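Engineer: Below is the structure I would like to discuss, written out as structure tokens.
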Amino acid sequence: MDLEATNIKKIYFKGYNSLFLLEDAIKNLKENGPTDCKITVIGKVSSFGLEKNIEFSKNQDYLKTYWSEVLAYPNNLGSFVNSETGNVFIVGTLASTFLREINGKSLGTIFSGPYAIIKGMGASENQAASFMKMLNAGYYITIFRGSENEMMYYEKVLQEI
């Protein structure tokens, strides 16, 4: 095994148009893959509410409960309102990046903030623009982060789902 390849962190992005497909992908990865992959999910609160047939207030208890069952780390959850996308939730290991405040505003609230963050993580301009269009359309943008070897495995598995 190449030690250098196992220490380099890579990121893989994928959009899902339903919670069912996203849940299936995460379940499949957890059951069949390396366990060290970090997962972050970004989605519109309204899309999540429609799929779960619930109305949201500012209380995020349902989101925390749901994602604690799916991802097992509910403390890394937050939300922000972006003028282009609307009310967005983010859960997972990279949530703090989107929620980091500069001059009293989280990066996610800035008009091009989510685009810039996704691009800064390694997506090309076209990929970042495509993911933002998907997010605006109600898709769940999922970011998988792990070693180079893990990402090669995940990319192969996720392309099949």
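Each chain of the structure tokens is named A, B, ... in the order shown, its residues numbered from 1; ligands are numbered from 1 in display order.
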Please provide as a PyMOL selection string all residues within 8 Å of segment 88-102 of chain A, with the sequence filter that same-chain residues fewer than 2 positions apart are discarded (counting only C-alpha atoms).

Structural biologist: chain A and resi 38-45+67+71+73-74+76-82+85-86+104-108+113-114+117

Engineer: DSSP on the backbone: which residues in segment 35-106 of chain A end up as alpha helix (DSSP H)? Give the answer as a PyMOL selection string.

Structural biologist: chain A and resi 45-52+61-70+95-99

Engineer: Which residues are close to Ile11 of chain A, i.e. within 12 Å by only C-alpha atoms, leaving aside same-chain residues fewer than 3 positions away? Reply as a list of chain:residue names.

Structural biologist: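 Skipping anything fewer than 3 positions along the chain leaves A:Ile8, A:Lys14, A:Cys37, A:Lys38, A:Ile39, A:Thr40, A:Leu94, A:Ile118, A:Lys119, A:Gly120, A:Met121, A:Gly122, A:Ala123, A:Thr142, A:Ile143, A:Phe144, A:Arg145, A:Gly146, A:Ser147, A:Glu148, A:Asn149, A:Glu150, A:Met151, A:Met152, A:Tyr154, A:Glu155.
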
Engineer: Would you please give, as number ranges by chain, all residues of chain A that DSSP assigns to strand (DSSP E or B) based on the backbone?

Structural biologist: A: 9-16, 38-44, 77-82, 86-92, 101-102, 105-106, 140-147

Engineer: Check the smallest atom-to-atom distance from each of A:Asn136, A:Thr65, A:Asn103, A:Asn17 to Tyr115 of chain A using only C-alpha atoms, then report the winner.

Structural biologist: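 For Tyr115 of chain A, the nearest of the given residues is A:Asn136.
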
Engineer: When you count only C-alpha atoms, which of these residues is closest to Glu31 of chain A: A:Val157, A:Phe13, A:Phe111, A:Ala129?

Structural biologist: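 Closest residue, counting only C-alpha atoms: A:Val157.
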
Engineer: Counting only C-alpha atoms, what are the residues of segment 76-150 of chain A within 8 Å of segment 46-52 of chain A, and for each of them which pair of atoms is the nearest and at what distance in Å, to one decimal? Sort the table by chain and rising number, as a Markdown table.

Structural biologist:
```
| residue | atom | partner | partner_atom | distance |
| --- | --- | --- | --- | --- |
| A:Asn87 | CA | A:Ser46 | CA | 7.4 |
| A:Gly138 | CA | A:Ser47 | CA | 5.6 |
| A:Tyr139 | CA | A:Ser47 | CA | 7.9 |
```

Engineer: Which is closer to Leu158 of chain A than all the others in A:Ile141, A:Leu19, A:Lys9, A:Asn28, using only C-alpha atoms?

Structural biologist: A:Asn28

Engineer: What gap, in Å, lies between atom CA of Asp61 of chain A and atom CA of Tyr12 of chain A?

Structural biologist: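 Separation of atom CA of Asp61 of chain A and atom CA of Tyr12 of chain A: 28.4 Å.
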